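Okay, query_35.cif is below, mmCIF, C-alpha atoms:
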```cif
data_my_file
loop_
_atom_site.label_atom_id
_atom_site.label_comp_id
_atom_site.auth_asym_id
_atom_site.auth_seq_id
_atom_site.Cartn_x
_atom_site.Cartn_y
_atom_site.Cartn_z
CA MET A 26 0.00 0.00 0.00
CA LYS A 27 2.83 2.37 0.90
CA LYS A 28 4.56 1.66 -2.41
CA THR A 29 1.34 2.36 -4.27
CA CYS A 30 0.96 5.74 -2.55
CA VAL A 31 4.55 6.69 -3.40
CA LEU A 32 4.02 5.82 -7.06
CA PHE A 33 0.80 7.83 -7.09
CA LEU A 34 2.54 10.88 -5.64
CA LEU A 35 5.38 10.56 -8.14
CA ALA A 36 2.85 10.45 -10.94
CA LEU A 37 1.40 13.75 -9.74
CA LEU A 38 4.80 15.41 -9.32
CA PRO A 39 5.18 16.71 -12.93
CA LEU A 40 1.74 18.37 -12.72
CA THR A 41 2.67 20.04 -9.45
CA VAL A 42 5.96 21.31 -10.85
CA CYS A 43 4.19 22.65 -13.93
CA ALA A 44 1.74 24.64 -11.79
CA ALA A 45 4.51 25.94 -9.53
CA ASP A 46 6.52 27.15 -12.53
CA ALA A 47 3.62 29.10 -14.03
CA VAL A 48 3.96 32.89 -13.87
CA GLU A 49 1.28 35.57 -14.10
CA ILE A 50 1.79 38.47 -16.52
CA ASP A 51 -0.95 41.07 -17.03
CA GLY A 52 -3.67 38.73 -15.83
CA VAL A 53 -2.63 35.69 -17.90
CA TRP A 54 -0.69 32.66 -16.63
CA TYR A 55 2.18 31.18 -18.66
CA ASN A 56 4.68 28.36 -18.61
CA LEU A 57 7.95 29.82 -19.88
CA ASP A 58 10.57 27.88 -21.84
CA ALA A 59 13.82 29.78 -21.39
CA GLU A 60 15.72 27.53 -23.79
CA LEU A 61 13.32 28.04 -26.69
CA GLY A 62 12.29 31.56 -25.68
CA CYS A 63 8.58 30.74 -25.93
CA ALA A 64 5.56 30.84 -23.62
CA THR A 65 2.44 28.68 -23.33
CA VAL A 66 -0.79 30.01 -21.85
CA VAL A 67 -1.96 27.73 -19.01
CA SER A 68 -4.82 27.54 -16.52
CA SER A 69 -5.12 30.28 -13.93
CA GLN A 70 -3.47 29.49 -10.61
CA THR A 71 -5.97 31.64 -8.69
CA LYS A 72 -9.10 30.40 -6.92
CA LEU A 73 -11.41 32.52 -9.10
CA GLY A 74 -9.77 31.50 -12.36
CA TYR A 75 -9.96 33.68 -15.45
CA VAL A 76 -12.56 36.45 -15.30
CA GLY A 77 -13.50 39.30 -17.66
CA ASP A 78 -11.50 40.35 -20.72
CA ILE A 79 -8.32 38.49 -21.63
CA VAL A 80 -5.70 39.58 -24.17
CA ILE A 81 -3.12 37.02 -25.29
CA PRO A 82 -0.25 39.04 -26.80
CA GLU A 83 2.31 37.95 -29.34
CA SER A 84 5.07 38.14 -26.72
CA VAL A 85 5.59 38.74 -23.00
CA THR A 86 8.51 40.01 -20.95
CA TYR A 87 9.53 38.38 -17.67
CA ASP A 88 12.65 39.22 -15.65
CA GLY A 89 13.97 41.21 -18.59
CA GLU A 90 13.62 38.33 -21.06
CA VAL A 91 11.19 38.32 -24.01
CA TYR A 92 9.16 35.17 -24.72
CA ASP A 93 7.08 34.54 -27.85
CA VAL A 94 3.56 33.37 -26.95
CA THR A 95 3.07 30.41 -29.28
CA ALA A 96 0.52 28.07 -27.68
CA ILE A 97 -2.51 27.73 -25.44
CA ALA A 98 -2.67 24.51 -23.44
CA SER A 99 -5.79 22.35 -23.88
CA LYS A 100 -8.62 23.04 -21.40
CA THR A 101 -6.91 26.25 -20.24
CA PHE A 102 -10.07 28.37 -20.08
CA ASN A 103 -12.87 25.77 -19.88
CA TYR A 104 -15.63 26.67 -17.40
CA SER A 105 -14.04 30.04 -16.73
CA MET A 106 -15.90 33.35 -16.43
CA LEU A 107 -14.29 35.09 -19.40
CA SER A 108 -16.28 37.76 -21.19
CA SER A 109 -13.98 38.30 -24.18
CA VAL A 110 -10.68 36.98 -25.50
CA SER A 111 -8.27 38.30 -28.10
CA ILE A 112 -5.61 35.87 -29.33
CA GLY A 113 -2.42 37.35 -30.76
CA ASP A 114 -0.83 36.34 -34.05
CA GLY A 115 1.95 34.38 -32.35
CA VAL A 116 -0.34 31.51 -31.27
CA THR A 117 -0.45 28.74 -33.90
CA SER A 118 -3.24 26.49 -32.62
CA ILE A 119 -6.19 26.37 -30.24
CA GLY A 120 -6.26 23.02 -28.47
CA ASP A 121 -9.15 20.70 -27.69
CA PHE A 122 -11.69 21.98 -25.12
CA THR A 123 -9.68 25.18 -24.62
CA PHE A 124 -12.76 27.39 -24.07
CA TYR A 125 -15.28 24.64 -23.40
CA SER A 126 -18.41 25.85 -21.59
CA CYS A 127 -17.47 29.47 -20.85
CA PRO A 128 -20.96 30.80 -20.03
CA ASN A 129 -20.08 34.52 -20.10
CA LEU A 130 -17.88 34.55 -23.20
CA VAL A 131 -19.37 37.05 -25.67
CA ALA A 132 -16.64 37.93 -28.18
CA VAL A 133 -13.60 36.10 -29.57
CA SER A 134 -10.93 37.22 -32.02
CA ILE A 135 -8.52 34.55 -33.25
CA GLY A 136 -5.17 35.80 -34.52
CA ASN A 137 -3.83 35.31 -38.02
CA GLY A 138 -1.15 32.88 -36.83
CA VAL A 139 -3.63 30.19 -35.74
CA THR A 140 -3.88 27.32 -38.25
CA SER A 141 -6.21 24.95 -36.40
CA ILE A 142 -9.12 25.12 -33.96
CA GLY A 143 -9.41 21.94 -31.89
CA THR A 144 -12.26 19.65 -30.94
CA SER A 145 -14.94 21.36 -28.80
CA ALA A 146 -12.71 24.42 -28.51
CA PHE A 147 -15.74 26.71 -28.00
CA HIS A 148 -18.37 24.05 -27.37
CA LYS A 149 -21.25 25.21 -25.12
CA CYS A 150 -20.21 28.87 -25.11
CA ASN A 151 -23.88 29.78 -25.25
CA SER A 152 -23.42 33.54 -24.75
CA LEU A 153 -20.95 33.85 -27.62
CA ARG A 154 -22.16 36.40 -30.17
CA SER A 155 -19.20 37.35 -32.36
CA VAL A 156 -16.17 35.41 -33.60
CA ILE A 157 -13.29 36.46 -35.84
CA ILE A 158 -11.54 33.46 -37.41
CA GLY A 159 -8.02 34.46 -38.46
CA SER A 160 -6.78 34.32 -42.04
CA SER A 161 -4.51 31.26 -41.57
CA VAL A 162 -7.05 28.86 -40.03
CA ALA A 163 -7.03 25.71 -42.17
CA SER A 164 -9.12 23.33 -40.04
CA ILE A 165 -11.95 23.56 -37.53
CA GLY A 166 -12.40 20.49 -35.33
CA THR A 167 -15.41 18.43 -34.31
CA SER A 168 -18.01 20.40 -32.28
CA ALA A 169 -15.70 23.41 -32.19
CA PHE A 170 -18.68 25.81 -32.20
CA CYS A 171 -21.44 23.39 -31.21
CA ASP A 172 -24.17 24.62 -28.83
CA CYS A 173 -23.22 28.26 -29.41
CA SER A 174 -26.87 29.27 -29.57
CA SER A 175 -26.33 33.06 -29.36
CA LEU A 176 -23.87 33.37 -32.25
CA GLU A 177 -24.81 36.23 -34.56
CA ASP A 178 -21.70 37.09 -36.57
CA ILE A 179 -18.76 35.00 -37.78
CA TYR A 180 -15.96 36.79 -39.60
CA CYS A 181 -14.10 34.06 -41.48
CA LEU A 182 -10.99 35.60 -43.02
CA PRO A 183 -9.22 32.69 -44.79
CA GLU A 184 -9.44 32.93 -48.58
CA ASP A 185 -8.94 29.17 -48.73
CA LEU A 186 -11.95 27.64 -46.98
CA PRO A 187 -11.07 25.88 -43.68
CA SER A 188 -11.85 22.17 -43.57
CA THR A 189 -14.68 21.24 -41.18
CA GLU A 190 -16.31 18.22 -39.62
CA SER A 191 -20.08 17.64 -39.74
CA THR A 192 -20.52 19.19 -36.29
CA SER A 193 -17.84 21.92 -36.40
CA LEU A 194 -20.60 24.51 -36.78
CA ASP A 195 -24.00 23.89 -35.22
CA THR A 196 -26.37 23.68 -38.19
CA ARG A 197 -29.37 24.34 -35.91
CA TYR A 198 -28.35 27.98 -35.56
CA LEU A 199 -26.75 28.84 -38.91
CA LYS A 200 -29.89 30.54 -40.26
CA GLN A 201 -29.70 33.15 -37.49
CA MET A 202 -26.07 34.00 -38.24
CA VAL A 203 -24.32 36.37 -40.64
CA LEU A 204 -21.12 35.08 -42.25
CA HIS A 205 -18.60 37.78 -43.21
CA VAL A 206 -15.99 36.61 -45.76
CA PRO A 207 -13.25 38.10 -47.96
CA GLU A 208 -14.61 39.50 -51.22
CA MET A 209 -12.28 37.32 -53.32
CA ALA A 210 -13.61 34.14 -51.66
CA PHE A 211 -17.31 35.06 -51.55
CA ASP A 212 -18.44 32.54 -54.20
CA SER A 213 -16.36 29.77 -52.66
CA TYR A 214 -18.10 30.17 -49.30
CA LEU A 215 -21.52 30.67 -50.90
CA TYR A 216 -21.53 27.29 -52.64
CA ALA A 217 -19.67 25.19 -50.06
CA SER A 218 -21.02 23.25 -47.09
CA PRO A 219 -21.59 24.19 -44.30
CA TRP A 220 -20.86 27.83 -45.16
CA GLY A 221 -23.64 28.21 -47.70
CA ALA A 222 -26.25 27.39 -45.05
CA PHE A 223 -25.74 30.66 -43.15
CA GLY A 224 -28.76 32.96 -43.00
CA LYS A 225 -26.77 35.70 -44.71
CA ILE A 226 -23.32 35.88 -46.30
CA VAL A 227 -21.74 39.28 -46.86
CA LYS A 228 -18.47 40.49 -48.31
CA ILE A 229 -16.00 42.23 -46.03
CA SER A 230 -15.84 45.68 -47.58
CA GLU A 231 -12.57 47.34 -48.51
CA ASP A 232 -13.06 50.09 -45.92
CA GLU A 233 -13.83 47.62 -43.13
CA LEU A 234 -10.67 47.54 -41.09
CA ILE A 235 -9.64 44.11 -39.86
CA LYS A 236 -7.40 45.56 -37.13
CA CYS A 237 -8.23 48.70 -35.19
CA ALA A 238 -5.69 51.49 -35.47
CA THR A 239 -3.55 52.11 -32.41
CA PRO A 240 -5.18 54.81 -30.25
CA GLU A 241 -3.51 58.10 -29.46
CA ILE A 242 -3.41 59.36 -25.88
CA GLY A 243 -3.83 63.07 -25.28
CA PHE A 244 -4.62 65.49 -22.48
CA SER A 245 -7.38 68.10 -22.47
CA ASP A 246 -9.10 70.13 -19.75
CA GLY A 247 -7.51 68.13 -16.97
CA LYS A 248 -8.51 64.77 -18.46
CA VAL A 249 -6.72 62.01 -20.33
CA VAL A 250 -8.46 61.54 -23.68
CA PHE A 251 -8.24 58.86 -26.36
CA SER A 252 -8.67 59.08 -30.12
CA CYS A 253 -8.45 56.51 -32.90
CA GLU A 254 -8.41 56.60 -36.71
CA THR A 255 -10.82 53.67 -36.70
CA LYS A 256 -14.30 55.05 -36.22
CA GLY A 257 -16.79 53.63 -33.73
CA VAL A 258 -14.31 51.89 -31.44
CA ALA A 259 -14.56 51.30 -27.73
CA TYR A 260 -11.53 51.78 -25.47
CA ARG A 261 -10.13 49.49 -22.80
CA SER A 262 -7.68 51.42 -20.63
CA GLU A 263 -5.62 50.95 -17.51
CA VAL A 264 -3.77 53.34 -15.20
CA GLN A 265 -0.66 52.21 -13.33
CA VAL A 266 1.40 54.03 -10.72
CA ALA A 267 4.94 52.73 -11.06
CA ASP A 268 6.17 53.66 -7.58
CA ALA A 269 2.99 52.84 -5.62
CA LYS A 270 3.81 51.72 -2.08
CA THR A 271 2.18 50.85 1.22
CA TYR A 272 3.21 53.10 4.13
CA GLU A 273 3.03 52.81 7.90
CA THR A 274 4.17 56.35 8.67
CA SER A 275 2.48 59.68 9.38
CA THR A 276 3.67 61.18 6.10
CA LEU A 277 3.42 59.98 2.51
CA SER A 278 5.58 60.51 -0.53
CA THR A 279 3.28 61.13 -3.46
CA PRO A 280 4.02 59.26 -6.71
CA SER A 281 5.80 61.29 -9.34
CA SER A 282 3.99 59.94 -12.38
CA PHE A 283 1.38 57.54 -13.69
CA VAL A 284 1.24 55.46 -16.86
CA VAL A 285 -1.85 55.09 -19.04
CA SER A 286 -2.23 52.17 -21.44
CA VAL A 287 -5.15 51.68 -23.82
CA PHE A 288 -6.26 49.56 -26.76
CA ALA A 289 -9.26 49.90 -29.06
CA VAL A 290 -11.89 47.26 -29.87
CA LYS A 291 -14.70 47.12 -32.42
CA LYS A 292 -17.12 44.47 -33.57
CA GLY A 293 -15.69 42.73 -36.63
CA CYS A 294 -12.16 44.05 -36.09
CA TYR A 295 -9.11 42.76 -34.30
CA ARG A 296 -8.19 44.73 -31.21
CA SER A 297 -5.56 47.38 -31.77
CA ASP A 298 -2.01 47.40 -30.50
CA THR A 299 -1.68 48.87 -27.02
CA ALA A 300 -0.63 52.51 -26.70
CA THR A 301 1.18 53.64 -23.54
CA ARG A 302 2.02 57.09 -22.25
CA GLU A 303 3.49 58.48 -19.04
CA PHE A 304 2.02 61.56 -17.34
CA ASN A 305 3.43 63.82 -14.65
CA PHE A 306 1.43 63.30 -11.46
CA SER A 307 2.09 66.66 -9.79
CA ASP A 308 0.41 68.85 -12.39
CA ALA A 309 -1.52 66.19 -14.39
CA LYS A 310 0.19 67.28 -17.58
CA PRO A 311 2.08 64.97 -19.93
CA ASN A 312 5.83 65.05 -20.03
CA ALA A 313 6.37 68.02 -22.31
CA LYS A 314 8.25 68.03 -25.58
CA LEU A 315 9.60 71.20 -27.13
CA GLY A 316 7.13 72.27 -29.80
CA ASP A 317 4.33 69.95 -28.60
CA LEU A 318 1.63 72.61 -28.52
CA ASN A 319 -1.39 70.29 -28.39
CA ASN A 320 0.00 68.05 -25.64
CA ASP A 321 -0.29 64.82 -27.63
CA GLY A 322 3.25 63.70 -26.83
CA LYS A 323 4.72 64.35 -30.28
CA VAL A 324 5.70 67.21 -32.54
CA ASP A 325 4.01 67.05 -35.93
CA VAL A 326 1.89 68.98 -38.42
CA ALA A 327 -0.93 69.29 -35.86
CA ASP A 328 1.35 71.50 -33.77
CA HIS A 329 1.99 73.76 -36.77
CA VAL A 330 -1.77 74.11 -37.19
CA LYS A 331 -2.09 74.92 -33.48
CA LEU A 332 0.65 77.55 -33.78
CA SER A 333 -1.12 79.13 -36.76
CA GLU A 334 -4.36 79.30 -34.76
CA ILE A 335 -2.56 80.99 -31.87
CA ILE A 336 -0.99 83.56 -34.20
CA MET A 337 -4.29 84.26 -35.97
CA ASN A 338 -6.10 84.75 -32.66
CA GLN A 339 -3.46 87.22 -31.56
#
```

Please rewrite the model in this file as structure tokens.
Amino acid sequence: MKKTCVLFLLALLPLTVCAADAVEIDGVWYNLDAELGCATVVSSQTKLGYVGDIVIPESVTYDGEVYDVTAIASKTFNYSMLSSVSIGDGVTSIGDFTFYSCPNLVAVSIGNGVTSIGTSAFHKCNSLRSVIIGSSVASIGTSAFCDCSSLEDIYCLPEDLPSTESTSLDTRYLKQMVLHVPEMAFDSYLYASPWGAFGKIVKISEDELIKCATPEIGFSDGKVVFSCETKGVAYRSEVQVADAKTYETSTLSTPSSFVVSVFAVKKGCYRSDTATREFNFSDAKPNAKLGDLNNDGKVDVADHVKLSEIIMNQ
């Protein structure tokens, strides 16, 4: 009996080591391979698991080293309380049951590096409404999008139609969905199964941006403001104080600056790259640059226009 227990504990040891080695970076847990310089997204090591919006970038930095994010382990997010996920172009595959039964998951964008979507990858995500399938996806596994009863829009970007199984897409709900496809491949999707069974198939127009432009961060009337060349976007921002501390004294040293990061999202588009800017905390004005008259952190033609307006007003 004692020998059996020892063998059982030894069998569990690799799993324990794997969990202990996982590191958390910006809300996502990774196993890092220092030799190969790559990172794999793994299950959350917290009691609550993954919650809310998750962004899987193309690379992460840990202890000064950069790791390419190339994989998501199978079952990483199943039963979690995610609301949206954006998968960067570095990931090459989505494993089996990766997002199985995520009841709050509403929106998914799959990067252009992904070539395969595994079995039941999004099975029973019954709140899922919008999916972007990246341009390199070549195969969609069995029941990948089965029981996704709320799906309204699928943006399928490959010009070569991905191979599917009979249950990859749930035929019970196709009539309620709109399929958005590249203009060059419209006829191919229209006359192929199961794609032709969608309630509506539309061409992705030339002016429909696939990736949101990177936002610009400015400052106006005492407020940090965002702008983006892509119209109709929503912003997801975060404020960090680099030298935040906990004190046990009667006096406090106020932080000298804060850092704002933001990315833009829009239905039918990939999320933008993240913009970051540091602001001076004492006067709530951005770190000034000579000639930066509109306080947008750069000197360009807009500042010449601003200068002209000042001169004209005078």

>> Using all atoms listed in the file, can you tell me which of A:Ser230, A:Ser281, A:Ser174, A:Thr144 comes closest to A:Ser193?
In response: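 Comparing A:Ser230, A:Ser281, A:Ser174, A:Thr144 against A:Ser193, the winner is A:Thr144.
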
> Which residue out of A:Val67, A:Val266, A:Leu153, A:Ile135 has the minimum interatomic distance to A:Phe283 when all atoms listed in the file are used?
Replying inline: A:Val266

>> Report as a ChimeraX atom specification all protein, DNA and RNA residues lying within 7 Å of stretch 180-184 of chain A, evaluated on all atoms listed in the file, omitting residues in the same chain fewer than 5 positions from it.
In response: /A:156-162,204-207,210,293

>> Residues near A:Ile235, anyone? I mean within 10 Å using only C-alpha atoms, not counting same-chain ones fewer than 2 positions away, as a list in words.
In response: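 Returned residues: Ile157, Gly159, Tyr180, Leu182, Ile229, Glu231, Asp232, Glu233, Cys237, Ala238, Lys291, Lys292, Gly293, Cys294, Tyr295, Arg296 and Ser297 of chain A.
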
> Hey, can you check how far atom CA of A:Val284 sits from atom CA of A:Ala300?
Replying inline: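 Atom-to-atom, atom CA of A:Val284 and atom CA of A:Ala300 are spaced 10.4 Å apart.
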
>> Take the PyMOL selection byres ((chain A and resi 120) around 12), run it mentally on this structure, and tell me the resulting residues as a PyMOL selection string.
In response: chain A and resi 65-67+95-103+116-119+121-125+139-147+164-167+169

>> Please report the interatomic distance between atom CA of A:Glu254 and atom CA of A:Asp51 in Å with one decimal.
In response: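 Atom CA of A:Glu254 sits 26.2 Å away from atom CA of A:Asp51.
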
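In terms of minimum interatomic distance to A:Ile79, A:Ser111 ranks closest within A:Arg302, A:Val48, A:Leu57, A:Ser111, counting only C-alpha atoms.
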
>> For a test of reading the model, state the distance in Å between atom CA of A:Thr86 and atom CA of A:Ser134, rounded to one decimal.
In response: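 A separation of 22.5 Å between them.
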
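Taking all atoms listed in the file into account, the protein, DNA and RNA residues within 9 Å of (6.3, 30.6, -24.8) read Tyr55, Asn56, Leu57, Asp58, Ala59, Leu61, Gly62, Cys63, Ala64, Thr65, Val66, Ser84, Val85, Tyr92, Asp93, Val94, Thr95 and Ala96 of chain A.
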
>> I'd like the contact shell of A:Ser105 - 10 Å cut-off, all atoms listed in the file, skipping same-chain residues fewer than 6 positions apart - returned as a PyMOL selection string.
In response: chain A and resi 68-69+73-77+124-130

Selected residues, C-alpha atoms, written as a PDB file, in the frame of the given file, please.
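What landed in selection_9.pdb:
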```pdb
ATOM      1  CA  SER A  68      -4.820  27.540 -16.520  1.00  0.00           C
ATOM      2  CA  SER A  69      -5.120  30.280 -13.930  1.00  0.00           C
ATOM      3  CA  LEU A  73     -11.410  32.520  -9.100  1.00  0.00           C
ATOM      4  CA  GLY A  74      -9.770  31.500 -12.360  1.00  0.00           C
ATOM      5  CA  TYR A  75      -9.960  33.680 -15.450  1.00  0.00           C
ATOM      6  CA  VAL A  76     -12.560  36.450 -15.300  1.00  0.00           C
ATOM      7  CA  GLY A  77     -13.500  39.300 -17.660  1.00  0.00           C
ATOM      8  CA  PHE A 124     -12.760  27.390 -24.070  1.00  0.00           C
ATOM      9  CA  TYR A 125     -15.280  24.640 -23.400  1.00  0.00           C
ATOM     10  CA  SER A 126     -18.410  25.850 -21.590  1.00  0.00           C
ATOM     11  CA  CYS A 127     -17.470  29.470 -20.850  1.00  0.00           C
ATOM     12  CA  PRO A 128     -20.960  30.800 -20.030  1.00  0.00           C
ATOM     13  CA  ASN A 129     -20.080  34.520 -20.100  1.00  0.00           C
ATOM     14  CA  LEU A 130     -17.880  34.550 -23.200  1.00  0.00           C
TER      15      LEU A 130
END
```

> In terms of the shortest atom-to-atom distance over all atoms listed in the file, which of A:Val264, A:Leu194, A:Met202, A:Ala163 is closest to A:Asp178?
Replying inline: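 For A:Asp178, the nearest of the candidates is A:Met202.
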
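Comparing the minimum interatomic distances between A:Glu263 and each of A:Phe251, A:Ser286, A:Asp114, A:Ser152, counting all atoms listed in the file, we find that A:Ser286 sits nearest.
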
>> Could you list, as JSON, numbers by chain, every residue within 12 Å of A:Gln201, counting all atoms listed in the file and ignoring same-chain residues fewer than 6 positions away?
In response: {"A": [154, 173, 174, 175, 176, 177, 178, 179, 195, 222, 223, 224, 225, 226]}

I need the residues from that last selection saved to file as a PDB file, keeping the file's coordinate frame (with C-alpha atoms), if you can.
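This is the output file out04.pdb:
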```
ATOM      1  CA  ARG A 154     -22.160  36.400 -30.170  1.00  0.00           C
ATOM      2  CA  CYS A 173     -23.220  28.260 -29.410  1.00  0.00           C
ATOM      3  CA  SER A 174     -26.870  29.270 -29.570  1.00  0.00           C
ATOM      4  CA  SER A 175     -26.330  33.060 -29.360  1.00  0.00           C
ATOM      5  CA  LEU A 176     -23.870  33.370 -32.250  1.00  0.00           C
ATOM      6  CA  GLU A 177     -24.810  36.230 -34.560  1.00  0.00           C
ATOM      7  CA  ASP A 178     -21.700  37.090 -36.570  1.00  0.00           C
ATOM      8  CA  ILE A 179     -18.760  35.000 -37.780  1.00  0.00           C
ATOM      9  CA  ASP A 195     -24.000  23.890 -35.220  1.00  0.00           C
ATOM     10  CA  ALA A 222     -26.250  27.390 -45.050  1.00  0.00           C
ATOM     11  CA  PHE A 223     -25.740  30.660 -43.150  1.00  0.00           C
ATOM     12  CA  GLY A 224     -28.760  32.960 -43.000  1.00  0.00           C
ATOM     13  CA  LYS A 225     -26.770  35.700 -44.710  1.00  0.00           C
ATOM     14  CA  ILE A 226     -23.320  35.880 -46.300  1.00  0.00           C
TER      15      ILE A 226
END
```

> Around (-1.9, 59.1, -25.0) in the file's frame, which residues reach within 9 Å when counting all atoms listed in the file? Return as a count of residues only?
Replying inline: 20
